[in-house]
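Data block below; observations after.
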Amino acid sequence: MIGFFKDLWKYRRQVKKQDKWMQKYITQKNYALNPSWMMSTNLKVWLSDMEATFGQRFCPCFEPSSDPVLNRKMMCPCEFVEDEIREYGTCHCALFGRADLDKAGWNASSKRLMQEYQVPLNLKDGVLDARGKPLDPRRNLPIPDAMHQLKSALNSYGGNSLKIIVSTKQEVLNLEKIASYRNYKFTQAEHQDHHEVTLQFKD
């Protein structure tokens with residue numbers, strides 16, 4: 001909870017800007033924003049963090065891919081919104097939903113999202129193996145990806161450095177951008193079947 005309010009203060013101006021375009025968007029589309037203040041505000045903070053880290057307003061649920069066409073589709077509001085709202089009642093993030101969606105519907109989408117991302121981490125002795133997660137059927141990207149696993153790990157990790165094992169070069173590039181934005185020291189090593197990234201948080 002402390003981390004949430006620290007991030008909210010850090011991105012307070014950006015969050016207001018996010019809310020402005022979102023209000024226009026839901027009016028145009030006859031959608032609604034998640035009525036949970038905590039949920040919708042958290043997603044605005046994550047959007048602001050994505051924009052600050054990667055330079056574009058990527059959907060907060062997925063890190064950028066190596067496919068520029070897919071990346072354009074993942075600019076929030078992403079091109080998958082309408083299809084996902086038809087299926088779930090909300091978009092994948094549970095940020096936008098049907099205007100007539102009831103509280104139970106919003107809660108179901110939020111619960112589905114949490115079940116996807118709040119999974120046990122393969123973290124042991126300062127090594128986070130981020131590989132082998134299921135793929136989202138629309139984007140063909142892992143859930144949770146290395147970026148989200150890193151954020152989850154840092155909620156309780158107290159070490160000075162963390163090694164992260166990933167499958168693709170794109171994941172390495174994303175972690176490098178995260179490290180640059182957050183002022184972590186970054187090193188990488190490439191192996192035959194995986195990549196290793198080391199982030200150092202403290203000297």
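Ligands are numbered from 1 in the order shown, chains are lettered A, B, ... in the order of the structure tokens, and residues start at 1 in each chain.
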**OP:** Do a neighbour search on segment 81-95 of chain A at 8 Å with only C-alpha atoms, toss out local chain neighbours closer than 4 positions, and write the hits as a ChimeraX atom specification.
**Re:** /A:33-34,39-40,43,60-61,77,101,105-106,109-110,113
Please, could you write that set of residues out with all heavy atoms as a tab-separated table (two decimals), in the first residue's frame?
```
chain	number	residue	atom	x	y	z
A	33	LEU	N	-15.36	3.24	-16.85
A	33	LEU	CA	-14.11	2.94	-16.16
A	33	LEU	C	-14.39	2.05	-14.97
A	33	LEU	O	-15.48	2.09	-14.39
A	33	LEU	CB	-13.44	4.22	-15.67
A	33	LEU	CG	-12.62	5.05	-16.66
A	33	LEU	CD1	-12.09	6.29	-15.96
A	33	LEU	CD2	-11.48	4.24	-17.24
A	34	ASN	N	-13.43	1.26	-14.61
A	34	ASN	CA	-13.57	0.41	-13.43
A	34	ASN	C	-13.99	1.27	-12.25
A	34	ASN	O	-13.32	2.25	-11.91
A	34	ASN	CB	-12.24	-0.29	-13.13
A	34	ASN	CG	-12.41	-1.44	-12.15
A	34	ASN	OD1	-12.99	-1.28	-11.09
A	34	ASN	ND2	-11.87	-2.59	-12.51
A	39	MET	N	-8.42	0.26	-8.07
A	39	MET	CA	-8.07	-0.47	-9.29
A	39	MET	C	-7.82	0.49	-10.45
A	39	MET	O	-6.80	0.38	-11.13
A	39	MET	CB	-9.21	-1.43	-9.63
A	39	MET	CG	-8.90	-2.39	-10.77
A	39	MET	SD	-7.76	-3.67	-10.21
A	39	MET	CE	-7.64	-4.67	-11.69
A	40	SER	N	-8.73	1.41	-10.69
A	40	SER	CA	-8.58	2.31	-11.83
A	40	SER	C	-7.39	3.25	-11.64
A	40	SER	O	-6.65	3.52	-12.60
A	40	SER	CB	-9.86	3.11	-12.07
A	40	SER	OG	-10.18	3.92	-10.96
A	43	LEU	N	-4.14	1.36	-12.29
A	43	LEU	CA	-3.91	1.17	-13.72
A	43	LEU	C	-3.43	2.47	-14.37
A	43	LEU	O	-2.59	2.44	-15.28
A	43	LEU	CB	-5.17	0.64	-14.39
A	43	LEU	CG	-5.48	-0.83	-14.08
A	43	LEU	CD1	-6.92	-1.16	-14.43
A	43	LEU	CD2	-4.52	-1.76	-14.81
A	60	PRO	N	-0.76	-1.54	-19.75
A	60	PRO	CA	0.01	-1.88	-18.55
A	60	PRO	C	0.10	-3.37	-18.26
A	60	PRO	O	0.87	-3.78	-17.39
A	60	PRO	CB	-0.75	-1.16	-17.43
A	60	PRO	CG	-2.13	-1.01	-17.94
A	60	PRO	CD	-2.01	-0.82	-19.42
A	61	CYS	N	-0.65	-4.19	-18.99
A	61	CYS	CA	-0.65	-5.63	-18.72
A	61	CYS	C	0.48	-6.39	-19.42
A	61	CYS	O	0.76	-7.53	-19.06
A	61	CYS	CB	-1.98	-6.25	-19.17
A	61	CYS	SG	-3.38	-5.74	-18.18
A	77	PRO	N	-5.82	3.10	-25.51
A	77	PRO	CA	-6.63	1.88	-25.47
A	77	PRO	C	-6.26	0.96	-26.63
A	77	PRO	O	-6.25	1.38	-27.78
A	77	PRO	CB	-8.06	2.40	-25.59
A	77	PRO	CG	-7.94	3.68	-26.35
A	77	PRO	CD	-6.62	4.27	-25.95
A	101	LEU	N	-22.21	-2.84	-17.05
A	101	LEU	CA	-21.63	-3.94	-16.27
A	101	LEU	C	-21.87	-3.71	-14.78
A	101	LEU	O	-21.63	-2.62	-14.26
A	101	LEU	CB	-20.13	-4.03	-16.55
A	101	LEU	CG	-19.43	-5.31	-16.07
A	101	LEU	CD1	-19.96	-6.53	-16.80
A	101	LEU	CD2	-17.92	-5.18	-16.27
A	105	GLY	N	-19.77	-8.19	-12.20
A	105	GLY	CA	-19.01	-8.33	-13.45
A	105	GLY	C	-17.64	-7.70	-13.36
A	105	GLY	O	-16.64	-8.28	-13.81
A	106	TRP	N	-17.57	-6.50	-12.78
A	106	TRP	CA	-16.27	-5.83	-12.59
A	106	TRP	C	-15.39	-6.65	-11.66
A	106	TRP	O	-14.19	-6.83	-11.92
A	106	TRP	CB	-16.47	-4.43	-12.01
A	106	TRP	CG	-16.95	-3.43	-13.00
A	106	TRP	CD1	-18.20	-2.89	-13.10
A	106	TRP	CD2	-16.18	-2.82	-14.05
A	106	TRP	NE1	-18.27	-1.99	-14.13
A	106	TRP	CE2	-17.04	-1.92	-14.74
A	106	TRP	CE3	-14.87	-2.94	-14.47
A	106	TRP	CZ2	-16.61	-1.16	-15.82
A	106	TRP	CZ3	-14.42	-2.18	-15.55
A	106	TRP	CH2	-15.30	-1.30	-16.21
A	109	SER	N	-13.87	-9.68	-13.44
A	109	SER	CA	-12.75	-9.36	-14.32
A	109	SER	C	-11.50	-9.01	-13.53
A	109	SER	O	-10.38	-9.41	-13.89
A	109	SER	CB	-13.11	-8.20	-15.25
A	109	SER	OG	-13.80	-8.67	-16.39
A	110	SER	N	-11.68	-8.26	-12.45
A	110	SER	CA	-10.53	-7.92	-11.60
A	110	SER	C	-9.93	-9.17	-10.98
A	110	SER	O	-8.70	-9.31	-10.91
A	110	SER	CB	-10.95	-6.93	-10.51
A	110	SER	OG	-11.40	-5.71	-11.08
A	113	LEU	N	-7.92	-11.07	-13.57
A	113	LEU	CA	-6.63	-10.41	-13.79
A	113	LEU	C	-5.65	-10.76	-12.68
A	113	LEU	O	-4.48	-11.09	-12.95
A	113	LEU	CB	-6.84	-8.90	-13.87
A	113	LEU	CG	-5.60	-8.06	-14.19
A	113	LEU	CD1	-5.15	-8.30	-15.62
A	113	LEU	CD2	-5.90	-6.57	-13.98
```
Original post:
Could you pull out all residues of chain A with a DSSP call of helix (DSSP H, G or I) and give them as a PyMOL selection string?
Top reply: chain A and resi 2-10+12-29+37-54+68-73+81-88+103-117+146-154+169-182
Interface rows for segment 23-142 of chain A against segment 149-166 of chain A: nearest pair, Å to one decimal, 6 Å, only C-alpha atoms, as JSON lines:
```
{"residue": "A:Gly126", "atom": "CA", "partner": "A:Leu162", "partner_atom": "CA", "distance": 5.2}
{"residue": "A:Val127", "atom": "CA", "partner": "A:Lys163", "partner_atom": "CA", "distance": 4.7}
{"residue": "A:Leu128", "atom": "CA", "partner": "A:Ile164", "partner_atom": "CA", "distance": 4.7}
{"residue": "A:Asp129", "atom": "CA", "partner": "A:Ile165", "partner_atom": "CA", "distance": 4.7}
{"residue": "A:Ala130", "atom": "CA", "partner": "A:Val166", "partner_atom": "CA", "distance": 5.6}
{"residue": "A:Arg131", "atom": "CA", "partner": "A:Val166", "partner_atom": "CA", "distance": 5.6}
```
I need the residues in segment 94-170 of chain A that are strand (DSSP E or B) according to DSSP; give them as a tab-separated table (two decimals) with C-alpha atoms, in the first residue's frame.
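Below is the file out.tsv, written as the result:
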```tsv
chain	number	residue	atom	x	y	z
A	96	PHE	CA	-12.60	-0.30	-19.49
A	97	GLY	CA	-15.86	-2.19	-19.54
A	98	ARG	CA	-19.46	-2.17	-20.65
A	123	LEU	CA	12.66	-17.07	-7.29
A	124	LYS	CA	15.45	-18.73	-5.34
A	127	VAL	CA	17.69	-15.75	-9.17
A	128	LEU	CA	14.30	-15.18	-10.81
A	129	ASP	CA	13.54	-17.57	-13.67
A	135	LEU	CA	0.71	-17.08	-23.44
A	142	PRO	CA	3.51	-14.44	-21.58
A	161	SER	CA	20.98	-7.51	-6.71
A	162	LEU	CA	18.76	-9.89	-8.66
A	163	LYS	CA	19.52	-12.17	-11.58
A	164	ILE	CA	16.65	-12.68	-14.03
A	165	ILE	CA	16.58	-15.52	-16.57
A	166	VAL	CA	14.55	-14.81	-19.72
```
Original post:
Counting only C-alpha atoms, which of A:Arg139, A:Lys24, A:His148, A:His195 gets nearest to Val119 of chain A?
Top reply: A:His148
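Coordinates place atom CA of Gln56 of chain A at a distance of 15.1 Å from atom CA of Tyr11 of chain A.
Computed from the coordinates, the atom CA of Leu47 of chain A to atom CA of Asn71 of chain A distance equals 14.5 Å.
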Subject >> Option closest in space to Lys185 of chain A, from A:Tyr31, A:Trp21, A:Phe201, A:Trp9 [counting only C-alpha atoms] >> reply: A:Phe201
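Comparing the minimum interatomic distances between Cys78 of chain A and each of A:Pro35, A:Gln118, A:Phe62, A:Ala104, counting only C-alpha atoms, we find that A:Phe62 sits nearest.
For the set A:Lys16, A:Val45, A:Ile178, A:Ala99, the residue with the smallest atom-to-atom gap to Ala32 of chain A is A:Ala99, counting only C-alpha atoms.
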Original post:
Using only C-alpha atoms, which residues sit within 12 Å of Thr53 of chain A once same-chain residues fewer than 6 positions away are excluded, as number ranges by chain?
Top reply: A: 46-47, 60, 63-64, 147, 173-183
Please produce a file of those selected residues containing N, CA and C atoms, as a PDB file, in the first residue's frame.
```pdb
ATOM      1  N   TRP A  46       0.173   2.658 -13.508  1.00  0.00           N
ATOM      2  CA  TRP A  46       0.956   1.723 -14.325  1.00  0.00           C
ATOM      3  C   TRP A  46       1.112   2.238 -15.755  1.00  0.00           C
ATOM      4  N   LEU A  47       0.048   2.802 -16.309  1.00  0.00           N
ATOM      5  CA  LEU A  47       0.138   3.394 -17.646  1.00  0.00           C
ATOM      6  C   LEU A  47       1.175   4.505 -17.676  1.00  0.00           C
ATOM      7  N   PRO A  60      -0.760  -1.541 -19.747  1.00  0.00           N
ATOM      8  CA  PRO A  60       0.015  -1.881 -18.547  1.00  0.00           C
ATOM      9  C   PRO A  60       0.104  -3.371 -18.258  1.00  0.00           C
ATOM     10  N   GLU A  63       4.469  -6.164 -21.440  1.00  0.00           N
ATOM     11  CA  GLU A  63       5.647  -5.416 -21.841  1.00  0.00           C
ATOM     12  C   GLU A  63       5.750  -5.391 -23.371  1.00  0.00           C
ATOM     13  N   PRO A  64       6.482  -4.428 -23.945  1.00  0.00           N
ATOM     14  CA  PRO A  64       6.599  -4.350 -25.405  1.00  0.00           C
ATOM     15  C   PRO A  64       7.155  -5.637 -26.014  1.00  0.00           C
ATOM     16  N   MET A 147       8.763  -8.434 -16.938  1.00  0.00           N
ATOM     17  CA  MET A 147       8.601  -7.127 -16.303  1.00  0.00           C
ATOM     18  C   MET A 147       7.692  -7.216 -15.086  1.00  0.00           C
ATOM     19  N   LEU A 173      16.053  -6.328 -23.561  1.00  0.00           N
ATOM     20  CA  LEU A 173      15.969  -4.903 -23.893  1.00  0.00           C
ATOM     21  C   LEU A 173      14.959  -4.185 -22.989  1.00  0.00           C
ATOM     22  N   ASN A 174      13.835  -4.844 -22.709  1.00  0.00           N
ATOM     23  CA  ASN A 174      12.837  -4.238 -21.828  1.00  0.00           C
ATOM     24  C   ASN A 174      13.384  -4.058 -20.417  1.00  0.00           C
ATOM     25  N   LEU A 175      14.080  -5.071 -19.924  1.00  0.00           N
ATOM     26  CA  LEU A 175      14.659  -4.983 -18.582  1.00  0.00           C
ATOM     27  C   LEU A 175      15.748  -3.906 -18.525  1.00  0.00           C
ATOM     28  N   GLU A 176      16.453  -3.733 -19.623  1.00  0.00           N
ATOM     29  CA  GLU A 176      17.473  -2.680 -19.673  1.00  0.00           C
ATOM     30  C   GLU A 176      16.829  -1.291 -19.572  1.00  0.00           C
ATOM     31  N   LYS A 177      15.701  -1.113 -20.245  1.00  0.00           N
ATOM     32  CA  LYS A 177      14.997   0.174 -20.160  1.00  0.00           C
ATOM     33  C   LYS A 177      14.454   0.414 -18.754  1.00  0.00           C
ATOM     34  N   ILE A 178      13.948  -0.642 -18.131  1.00  0.00           N
ATOM     35  CA  ILE A 178      13.472  -0.522 -16.756  1.00  0.00           C
ATOM     36  C   ILE A 178      14.626  -0.133 -15.836  1.00  0.00           C
ATOM     37  N   ALA A 179      15.773  -0.797 -16.022  1.00  0.00           N
ATOM     38  CA  ALA A 179      16.949  -0.503 -15.202  1.00  0.00           C
ATOM     39  C   ALA A 179      17.417   0.935 -15.409  1.00  0.00           C
ATOM     40  N   SER A 180      17.405   1.395 -16.645  1.00  0.00           N
ATOM     41  CA  SER A 180      17.838   2.762 -16.944  1.00  0.00           C
ATOM     42  C   SER A 180      16.918   3.780 -16.281  1.00  0.00           C
ATOM     43  N   TYR A 181      15.611   3.548 -16.373  1.00  0.00           N
ATOM     44  CA  TYR A 181      14.649   4.493 -15.800  1.00  0.00           C
ATOM     45  C   TYR A 181      14.725   4.522 -14.279  1.00  0.00           C
ATOM     46  N   ARG A 182      14.986   3.365 -13.682  1.00  0.00           N
ATOM     47  CA  ARG A 182      14.985   3.267 -12.222  1.00  0.00           C
ATOM     48  C   ARG A 182      16.385   3.383 -11.611  1.00  0.00           C
ATOM     49  N   ASN A 183      17.370   3.643 -12.460  1.00  0.00           N
ATOM     50  CA  ASN A 183      18.752   3.820 -11.995  1.00  0.00           C
ATOM     51  C   ASN A 183      19.322   2.565 -11.333  1.00  0.00           C
TER      52      ASN A 183
END
```
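As for atom CA of Thr168 of chain A and atom CA of Glu190 of chain A, they are spaced 9.7 Å apart.
Comparing the minimum interatomic distances between Glu79 of chain A and each of A:Arg138, A:Glu51, A:Leu199, A:Lys10, counting only C-alpha atoms, we find that A:Arg138 sits nearest.
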